[in-house]
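Trainee: Please find one structure pasted underneath; my questions will follow.
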Amino acid sequence: MGKIANRTFAGAGALVLAMALTGTSSYAGGHPKVSTPTLTGWASLPAGTFVPGSEPSGALATGDLHGFTAPFADQPVQGFSGIVDNHDGTYDVLSDNGYGNQANSADFLLRIQRLAPAFATGTVDVVGGINLTDPNGKVPWQLTRTDRVLTGADFDVESIVKAKDGTFWLGDEFGPYLLHADRAGRLLTAPIPLDGVIAPETATRTGVPATTGSSKGFEGLASSPGGRYVYGLLEGTVAGDTPGQLRLNEFDTRAQKYTGKRYAYRLESTANAIGDAIAVDDNRFLIIERDGGQGATAVVKRLYLADKRDRNHDGLLDKTLLVDLMNVANPKKLAGFGTTFTFPFQTIEDVVILDDTHLAVLNDNNFPFSSGRTPGQADNNEWITIELPRSLRADKRLLK
């Protein structure tokens with residue numbers, strides 16, 4: 001059985017202070033000092049990290065578990081698909097649906113983990129977290145559990161935004177739906193569908209024909225600087241749209257409805273997928289685009305700047321390559337890697353702006369299935385920081 005490393009909520013106050021003093025030093029400041037995207041920090045959370053004293057999980061997980069044995073005694077801390085900076089040295093990181101699909105993830109509890117990276121030691125501490133629940137019966141159909149704790153058989157949450165009031169907006173792929181939860185993870189409204197877009201998981205439940213692929217819903221969710229709007233980027237093409245073209249939909253959080261404004265992002269290849277989308281300002285977004293390769297087969301792992309102003313009038317978001325995650329300079333050979341650092345993971349699904357010249361990027365390790373860093377070993381959750389050669393000029397409201 002693979003080695004299991006449990007991280008607990010011990011000494012959280014001192015830990016958060018330590019992270020604020022040391023964990024962020026590698027990206028302090030806003031003046032570029034490099035000529036190409038450069039690695040400035042690396043930390044790793046072991047694949048075998050579990051929520052102590054939680055519940056068994058993974059009873060239906062099959063395939064190559066890379067040395068781990070299912071079911072697991074506790075809930076794994078894994079599958080990071082969205083991130084929020086708490087600006088105190090901690091981050092809220094969203095774990096997605098579990099073991100890859102609706103059928104095998106009923107014993108995976110949907111959860112927002114609270115993590116603190118320590119780049120000085122290359123480690124990540126789990127300092128808390130909340131389960132997602134629906135105690136007030138906002139979901140109108142039958143859930144997996146009678147206690148209304150949400151599972152990976154109910155929703156596939158893949159993106160997250162924290163509102164100014166501390167509540168969370170979550171993007172789901174099984175609907176696709178927008179979910180609104182309070183700071184304790186309790187749903188505040190019924191799941192909000194997107195007109196004309198039906199995933200197979202919802203089609204099976206409702207009998208309405210699917211218009212997009214399985215788990216191809218909201219992979220990215222971005223907040224406008226003022227917080228009034230969120231923008232949900234679908235991972236899959238909707239039936240009738242140009243192959244490889246993805247919809248970005250504007251949602252009004254005050255009116256609790258879509259505005260009707262829609263933009264289009266075109267993938268470099270129809271075989272690619274997006275991993276995350278966050279706002280830079282009112283017009284620009286950071287979008288992760290990736291292929292499905294890992295390890296030696298990983299080629300396209302990129303961060304693009306996408307602009308909705310469409311200056312060339314082709315009906316698409318304007319794209320500019322910002323970072324090639326397979327070619328990041330590492331002159332200091334951080335973490336024992338060579339002078340060129342690569343991020344060769346199958347799924348890379350988290351990006352957050354730290355300041356105008358620094359980003360953090362995390363992989364989704366698909367525990368225990370992905371093995372991109374070392375063949376035959378389950379991937380850890382790696383957390384990297386990158387310095388950019390040019391300022392993002394991000395809206396300051398998004399950085400506090």
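By order in the structure tokens, chains are A, B, ...; within a chain, residues start at 1; ligands start at 1, following the order shown.
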Do a neighbour search on stretch 67-74 of chain A at 7 Å with only C-alpha atoms, toss out local chain neighbours closer than 4 positions, and write the hits as a list in words.
Mentor: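 The neighbour list is Met1, Gly2, Phe50, Val51, Pro52, Gly53, Ser54, Glu55, Pro56, Ser57, Gly58, Ala59 and Ala61 of chain A.
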Trainee: Sort by chain and increasing residue number a table of all residues of stretch 120-193 of chain A within 10 Å of stretch 346-360 of chain A, each with its closest pair of atoms and their distance in Å to one decimal, counting only C-alpha atoms, and write it as JSON lines.
Mentor:
```
{"residue": "A:Glu158", "atom": "CA", "partner": "A:Glu349", "partner_atom": "CA", "distance": 8.3}
{"residue": "A:Ser159", "atom": "CA", "partner": "A:Glu349", "partner_atom": "CA", "distance": 8.6}
{"residue": "A:Ile160", "atom": "CA", "partner": "A:Asp350", "partner_atom": "CA", "distance": 9.9}
```
Trainee: Pull N, CA, C and O atoms from the residues just selected and write them as a PDB file, in the first residue's frame.
Mentor:
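For reference, part_28.pdb as written:
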```
ATOM      1  N   GLU A 158     -15.760  22.094 -10.283  1.00  0.00           N
ATOM      2  CA  GLU A 158     -14.452  22.247 -10.916  1.00  0.00           C
ATOM      3  C   GLU A 158     -13.911  23.674 -10.871  1.00  0.00           C
ATOM      4  O   GLU A 158     -12.783  23.909 -11.312  1.00  0.00           O
ATOM      5  N   SER A 159     -14.680  24.626 -10.375  1.00  0.00           N
ATOM      6  CA  SER A 159     -14.211  26.014 -10.376  1.00  0.00           C
ATOM      7  C   SER A 159     -14.855  26.758  -9.213  1.00  0.00           C
ATOM      8  O   SER A 159     -15.944  26.411  -8.766  1.00  0.00           O
ATOM      9  N   ILE A 160     -14.148  27.809  -8.746  1.00  0.00           N
ATOM     10  CA  ILE A 160     -14.578  28.475  -7.514  1.00  0.00           C
ATOM     11  C   ILE A 160     -14.238  29.954  -7.554  1.00  0.00           C
ATOM     12  O   ILE A 160     -13.199  30.358  -8.078  1.00  0.00           O
TER      13      ILE A 160
END
```
Trainee: To test your reading of the structure, identify every residue in stretch 107-321 of chain A that backbone DSSP assigns to strand (DSSP E), and report it as a PyMOL selection string.
Mentor: chain A and resi 111-118+123-131+157-162+168-172+177-181+192-193+218-223+229-234+245-252+257-266+273-279+284-290+301-307+318-321
Trainee: From the set A:Ala296, A:Ala116, A:Ala47, A:Arg266, which residue has the shortest atom-to-atom contact distance to A:His87, counting only C-alpha atoms?
Mentor: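 Among the listed residues, the smallest separation from A:His87 belongs to A:Ala116.
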Trainee: Could you pull out the alpha helix (DSSP H) residues of stretch 67-239 of chain A from DSSP and send them as a list in words?
Mentor: Pro200, Glu201, Thr202, Ala203, Thr204, Arg205 and Thr206 of chain A
Trainee: Would you save the residues of that selection, restricted to N, CA and C atoms, as a CSV table (one decimal), in the first residue's frame?
Mentor:
```csv
chain,number,residue,atom,x,y,z
A,200,PRO,N,-24.5,15.0,-20.2
A,200,PRO,CA,-25.2,13.7,-20.2
A,200,PRO,C,-25.6,13.3,-18.8
A,201,GLU,N,-24.9,13.7,-17.7
A,201,GLU,CA,-25.4,13.3,-16.4
A,201,GLU,C,-26.8,13.9,-16.1
A,202,THR,N,-27.0,15.2,-16.6
A,202,THR,CA,-28.3,15.8,-16.4
A,202,THR,C,-29.4,15.2,-17.3
A,203,ALA,N,-28.9,14.9,-18.5
A,203,ALA,CA,-29.8,14.3,-19.5
A,203,ALA,C,-30.3,12.9,-19.0
A,204,THR,N,-29.5,12.1,-18.4
A,204,THR,CA,-29.9,10.9,-17.8
A,204,THR,C,-31.0,11.1,-16.7
A,205,ARG,N,-30.8,12.1,-15.9
A,205,ARG,CA,-31.8,12.3,-14.8
A,205,ARG,C,-33.1,12.9,-15.3
A,206,THR,N,-33.0,13.8,-16.3
A,206,THR,CA,-34.2,14.6,-16.7
A,206,THR,C,-34.9,14.1,-18.0
```
Trainee: If we count only C-alpha atoms and set the cut-off at 8 Å, which residues sit around A:Val238, ignoring sequence neighbours fewer than 5 positions away in its own chain? Please answer as a PDB file with N, CA and C atoms, in the first residue's frame.
Mentor:
```
ATOM      1  N   VAL A 197     -27.656  24.234 -22.532  1.00  0.00           N
ATOM      2  CA  VAL A 197     -26.473  23.395 -22.316  1.00  0.00           C
ATOM      3  C   VAL A 197     -26.824  22.305 -21.303  1.00  0.00           C
ATOM      4  N   THR A 211     -26.447  18.225 -24.808  1.00  0.00           N
ATOM      5  CA  THR A 211     -25.919  19.102 -25.854  1.00  0.00           C
ATOM      6  C   THR A 211     -24.414  19.308 -25.731  1.00  0.00           C
ATOM      7  N   THR A 212     -23.794  18.655 -24.756  1.00  0.00           N
ATOM      8  CA  THR A 212     -22.333  18.707 -24.624  1.00  0.00           C
ATOM      9  C   THR A 212     -21.872  17.391 -24.036  1.00  0.00           C
ATOM     10  N   LEU A 246     -15.336  27.288 -27.247  1.00  0.00           N
ATOM     11  CA  LEU A 246     -15.963  27.146 -25.935  1.00  0.00           C
ATOM     12  C   LEU A 246     -16.695  28.418 -25.546  1.00  0.00           C
ATOM     13  N   ARG A 247     -17.830  28.263 -24.904  1.00  0.00           N
ATOM     14  CA  ARG A 247     -18.642  29.406 -24.488  1.00  0.00           C
ATOM     15  C   ARG A 247     -18.219  29.933 -23.120  1.00  0.00           C
TER      16      ARG A 247
END
```
Trainee: Residues near A:Gly376, anyone? I mean within 12 Å using only C-alpha atoms, not counting same-chain ones fewer than 4 positions away, as a short mmCIF file (atom, residue, chain, number, x, y, z; two decimals) with all heavy atoms, in the first residue's frame.
Mentor:
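part_34.cif, written as the output of this step:
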```
data_model
loop_
_atom_site.label_atom_id
_atom_site.label_comp_id
_atom_site.auth_asym_id
_atom_site.auth_seq_id
_atom_site.Cartn_x
_atom_site.Cartn_y
_atom_site.Cartn_z
N GLY A 2 0.46 2.28 -0.71
CA GLY A 2 1.23 3.51 -0.78
C GLY A 2 1.30 4.19 0.58
O GLY A 2 0.48 3.99 1.45
N ASP A 64 -5.37 1.23 -12.24
CA ASP A 64 -4.04 1.34 -11.66
C ASP A 64 -4.04 2.41 -10.57
O ASP A 64 -4.10 3.60 -10.86
CB ASP A 64 -3.03 1.70 -12.76
CG ASP A 64 -1.59 1.65 -12.27
OD1 ASP A 64 -1.38 1.49 -11.05
OD2 ASP A 64 -0.67 1.77 -13.10
N LEU A 65 -3.96 1.98 -9.33
CA LEU A 65 -3.98 2.89 -8.19
C LEU A 65 -2.57 3.27 -7.75
O LEU A 65 -2.40 3.91 -6.71
CB LEU A 65 -4.74 2.26 -7.03
CG LEU A 65 -6.16 1.77 -7.32
CD1 LEU A 65 -6.83 1.29 -6.02
CD2 LEU A 65 -7.00 2.83 -7.98
N HIS A 66 -1.59 2.88 -8.53
CA HIS A 66 -0.20 3.28 -8.30
C HIS A 66 0.27 3.01 -6.87
O HIS A 66 0.85 3.87 -6.21
CB HIS A 66 0.00 4.75 -8.66
CG HIS A 66 -0.16 5.01 -10.12
ND1 HIS A 66 -1.23 5.69 -10.64
CD2 HIS A 66 0.61 4.65 -11.19
CE1 HIS A 66 -1.13 5.75 -11.96
NE2 HIS A 66 -0.02 5.12 -12.32
N GLY A 67 0.02 1.79 -6.41
CA GLY A 67 0.53 1.36 -5.12
C GLY A 67 -0.40 1.58 -3.95
O GLY A 67 -0.13 1.09 -2.85
N PHE A 68 -1.47 2.31 -4.15
CA PHE A 68 -2.45 2.52 -3.09
C PHE A 68 -3.50 1.41 -3.15
O PHE A 68 -3.74 0.81 -4.20
CB PHE A 68 -3.11 3.89 -3.21
CG PHE A 68 -2.20 5.03 -2.84
CD1 PHE A 68 -1.37 5.61 -3.78
CD2 PHE A 68 -2.16 5.50 -1.54
CE1 PHE A 68 -0.52 6.64 -3.44
CE2 PHE A 68 -1.31 6.53 -1.18
CZ PHE A 68 -0.48 7.10 -2.13
N GLN A 294 0.68 13.26 -20.29
CA GLN A 294 1.37 13.40 -19.01
C GLN A 294 2.76 12.79 -19.15
O GLN A 294 3.00 11.93 -19.99
CB GLN A 294 0.61 12.73 -17.88
CG GLN A 294 0.44 11.23 -18.01
CD GLN A 294 -0.24 10.61 -16.79
OE1 GLN A 294 -0.33 11.19 -15.73
NE2 GLN A 294 -0.74 9.39 -16.96
N GLY A 295 3.68 13.27 -18.33
CA GLY A 295 5.04 12.76 -18.42
C GLY A 295 5.64 13.01 -19.79
O GLY A 295 5.63 14.13 -20.30
N PRO A 368 -5.94 8.35 -7.28
CA PRO A 368 -4.51 7.99 -7.37
C PRO A 368 -4.06 7.65 -8.78
O PRO A 368 -3.09 6.91 -8.96
CB PRO A 368 -4.46 6.74 -6.48
CG PRO A 368 -5.77 6.05 -6.80
CD PRO A 368 -6.78 7.15 -7.03
N PHE A 369 -4.73 8.19 -9.78
CA PHE A 369 -4.57 7.69 -11.14
C PHE A 369 -3.46 8.35 -11.96
O PHE A 369 -2.79 7.68 -12.74
CB PHE A 369 -5.90 7.82 -11.89
CG PHE A 369 -7.04 7.11 -11.22
CD1 PHE A 369 -8.08 7.83 -10.63
CD2 PHE A 369 -7.06 5.73 -11.12
CE1 PHE A 369 -9.12 7.18 -9.98
CE2 PHE A 369 -8.10 5.08 -10.48
CZ PHE A 369 -9.14 5.80 -9.90
N SER A 370 -3.27 9.66 -11.85
CA SER A 370 -2.29 10.32 -12.70
C SER A 370 -0.87 10.04 -12.23
O SER A 370 -0.60 9.93 -11.03
CB SER A 370 -2.54 11.83 -12.73
OG SER A 370 -3.71 12.12 -13.48
N SER A 371 0.05 9.95 -13.21
CA SER A 371 1.44 9.64 -12.91
C SER A 371 2.34 10.37 -13.90
O SER A 371 3.03 9.77 -14.71
CB SER A 371 1.66 8.12 -13.00
OG SER A 371 2.98 7.77 -12.64
N GLY A 372 2.32 11.70 -13.83
CA GLY A 372 3.04 12.52 -14.80
C GLY A 372 4.45 12.88 -14.38
O GLY A 372 5.33 13.04 -15.23
#
```
Trainee: Can you build me a table of stretch 249-336 of chain A residues sitting at most 12 Å from stretch 214-236 of chain A, with the closest atom pair per residue and its distance in Å to one decimal, using only C-alpha atoms, sorted by chain and residue number, as a Markdown table?
Mentor:
```
| residue | atom | partner | partner_atom | distance |
| --- | --- | --- | --- | --- |
| A:Asn249 | CA | A:Gly232 | CA | 5.3 |
| A:Glu250 | CA | A:Tyr231 | CA | 4.7 |
| A:Phe251 | CA | A:Val230 | CA | 5.3 |
| A:Asp252 | CA | A:Tyr229 | CA | 4.8 |
| A:Thr253 | CA | A:Arg228 | CA | 5.5 |
| A:Arg254 | CA | A:Arg228 | CA | 6.5 |
| A:Ala255 | CA | A:Arg228 | CA | 9.2 |
| A:Gln256 | CA | A:Tyr229 | CA | 9.7 |
| A:Lys257 | CA | A:Tyr229 | CA | 9.9 |
| A:Tyr258 | CA | A:Tyr229 | CA | 9.2 |
| A:Thr259 | CA | A:Tyr229 | CA | 9.2 |
| A:Gly260 | CA | A:Tyr231 | CA | 11.5 |
| A:Lys261 | CA | A:Tyr231 | CA | 9.8 |
| A:Arg262 | CA | A:Tyr231 | CA | 9.1 |
| A:Tyr263 | CA | A:Leu233 | CA | 9.2 |
| A:Ala264 | CA | A:Leu233 | CA | 8.9 |
| A:Tyr265 | CA | A:Leu233 | CA | 8.4 |
| A:Arg266 | CA | A:Gly236 | CA | 10.8 |
| A:Leu267 | CA | A:Glu235 | CA | 10.0 |
| A:Thr270 | CA | A:Gly236 | CA | 9.5 |
| A:Ala271 | CA | A:Gly236 | CA | 10.4 |
| A:Asn272 | CA | A:Glu235 | CA | 9.5 |
| A:Ala273 | CA | A:Glu235 | CA | 6.2 |
| A:Ile274 | CA | A:Glu235 | CA | 5.8 |
| A:Gly275 | CA | A:Glu219 | CA | 6.2 |
| A:Asp276 | CA | A:Gly220 | CA | 4.4 |
| A:Ala277 | CA | A:Gly220 | CA | 4.3 |
| A:Ile278 | CA | A:Ala222 | CA | 4.3 |
| A:Ala279 | CA | A:Ala222 | CA | 5.2 |
| A:Val280 | CA | A:Pro225 | CA | 8.1 |
| A:Asp281 | CA | A:Pro225 | CA | 6.0 |
| A:Asp282 | CA | A:Ser224 | CA | 5.8 |
| A:Asn283 | CA | A:Ser224 | CA | 8.7 |
| A:Arg284 | CA | A:Ser224 | CA | 9.7 |
| A:Phe285 | CA | A:Ala222 | CA | 7.8 |
| A:Leu286 | CA | A:Ala222 | CA | 9.1 |
| A:Ile287 | CA | A:Gly220 | CA | 8.0 |
| A:Ile288 | CA | A:Gly220 | CA | 9.0 |
| A:Glu289 | CA | A:Glu235 | CA | 10.0 |
| A:Arg290 | CA | A:Glu235 | CA | 11.1 |
| A:Ala306 | CA | A:Leu233 | CA | 11.9 |
| A:Lys308 | CA | A:Tyr231 | CA | 11.3 |
| A:Leu317 | CA | A:Leu233 | CA | 11.9 |
```
Trainee: Would you please work out which residue, of A:Asp172, A:Asp307, A:Asp364, A:Asp324, is nearest to A:Ile83 when using only C-alpha atoms?
Mentor: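 Looking at the shortest contact to A:Ile83, the residue is A:Asp364.
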Trainee: For A:Leu132, list every protein, DNA or RNA residue within 6 Å, evaluated using only C-alpha atoms, and leave out those in the same chain fewer than 4 positions away; present the list as a ChimeraX atom specification.
Mentor: /A:110-111,150,185-186
Trainee: Just the number, please: distance in Å from atom CA of A:Asp395 to atom CA of A:Leu325, one decimal.
Mentor: 24.0 Å
Trainee: Considering only C-alpha atoms, state which residue in the set A:Lys400, A:Ala103, A:Leu39, A:Pro140 is at the smallest distance from A:Lys164.
Mentor: A:Lys400
Trainee: What gap, in Å, lies between atom CA of A:Gly292 and atom CA of A:Asp318?
Mentor: 23.5 Å
Trainee: Near A:Tyr91, within 10 Å and counting only C-alpha atoms, which residues show up once chain neighbours fewer than 6 positions away are dropped, as a list in words?
Mentor: Ile83, Val84, Asp85, Ile112, Gln113, Arg114, Leu115, Ala116, Pro117, Val126, Val127 and Val352 of chain A
Trainee: Next, dump the selected residues to file, keeping only C-alpha atoms, as a JSON list (two decimals), in the first residue's frame.
Mentor:
```json
[["chain", "number", "residue", "atom", "x", "y", "z"],
["A", 83, "ILE", "CA", -8.19, 28.16, -5.92],
["A", 84, "VAL", "CA", -8.91, 31.34, -3.94],
["A", 85, "ASP", "CA", -6.27, 33.47, -2.21],
["A", 112, "ILE", "CA", -13.16, 23.05, -0.03],
["A", 113, "GLN", "CA", -9.73, 22.49, 1.52],
["A", 114, "ARG", "CA", -7.81, 25.25, 3.29],
["A", 115, "LEU", "CA", -4.10, 24.97, 2.53],
["A", 116, "ALA", "CA", -0.93, 26.87, 3.39],
["A", 117, "PRO", "CA", 2.16, 26.45, 1.20],
["A", 126, "VAL", "CA", -3.71, 21.31, 5.33],
["A", 127, "VAL", "CA", -5.05, 23.73, 7.94],
["A", 352, "VAL", "CA", -4.13, 32.47, -9.05]]
```
Trainee: So that I can see what lies close to A:Leu109, please list as a PyMOL selection string the residues with an atom at most 12 Å from it, counting only C-alpha atoms and leaving out residues fewer than 3 positions away in the same chain.
Mentor: chain A and resi 51+54-58+74-78+94-99+105-106+112-113+129-133+144-145+147-157+185
Trainee: Kindly indicate which residue among A:Phe108, A:Phe367, A:Trp141, A:Phe343 lies nearest to A:Glu382, using only C-alpha atoms for the distances.
Mentor: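 With only C-alpha atoms as the atom set, the closest residue is A:Phe343.
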Trainee: Given the choices A:Asn363, A:Arg311, A:Val323, A:Pro243, which gets closest to A:Trp383 if the distance is worked out from only C-alpha atoms?
Mentor: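 When distances to A:Trp383 are compared using only C-alpha atoms, the smallest one comes from A:Asn363.
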Trainee: Set out as CSV a contact list for stretch 90-205 of chain A and stretch 328-341 of chain A with a cut-off of 12 Å, giving each residue of stretch 90-205 of chain A that qualifies its closest atom pair and distance in Å to one decimal, counting only C-alpha atoms, ordered by chain and rising residue number.
Mentor:
```
residue,atom,partner,partner_atom,distance
A:Phe119,CA,A:Ala335,CA,9.7
A:Ala120,CA,A:Ala335,CA,10.1
A:Thr121,CA,A:Ala335,CA,9.4
A:Gly122,CA,A:Ala335,CA,7.4
A:Thr123,CA,A:Ala335,CA,10.8
```
Trainee: How would the residues just chosen look if you wrote them out with N, CA and C atoms as a PDB file, in the first residue's frame?
Mentor:
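Ended up saving to part.pdb:
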```
ATOM      1  N   PHE A 119       7.032  27.583   0.915  1.00  0.00           N
ATOM      2  CA  PHE A 119       8.007  27.399  -0.154  1.00  0.00           C
ATOM      3  C   PHE A 119       9.424  27.248   0.371  1.00  0.00           C
ATOM      4  N   ALA A 120       9.697  27.772   1.557  1.00  0.00           N
ATOM      5  CA  ALA A 120      11.032  27.635   2.128  1.00  0.00           C
ATOM      6  C   ALA A 120      11.386  26.175   2.390  1.00  0.00           C
ATOM      7  N   THR A 121      10.356  25.369   2.698  1.00  0.00           N
ATOM      8  CA  THR A 121      10.582  23.949   2.975  1.00  0.00           C
ATOM      9  C   THR A 121      10.024  23.040   1.888  1.00  0.00           C
ATOM     10  N   GLY A 122       9.343  23.626   0.900  1.00  0.00           N
ATOM     11  CA  GLY A 122       8.778  22.832  -0.189  1.00  0.00           C
ATOM     12  C   GLY A 122       7.602  21.981   0.226  1.00  0.00           C
ATOM     13  N   THR A 123       6.867  22.407   1.261  1.00  0.00           N
ATOM     14  CA  THR A 123       5.757  21.620   1.783  1.00  0.00           C
ATOM     15  C   THR A 123       4.454  22.423   1.736  1.00  0.00           C
TER      16      THR A 123
END
```
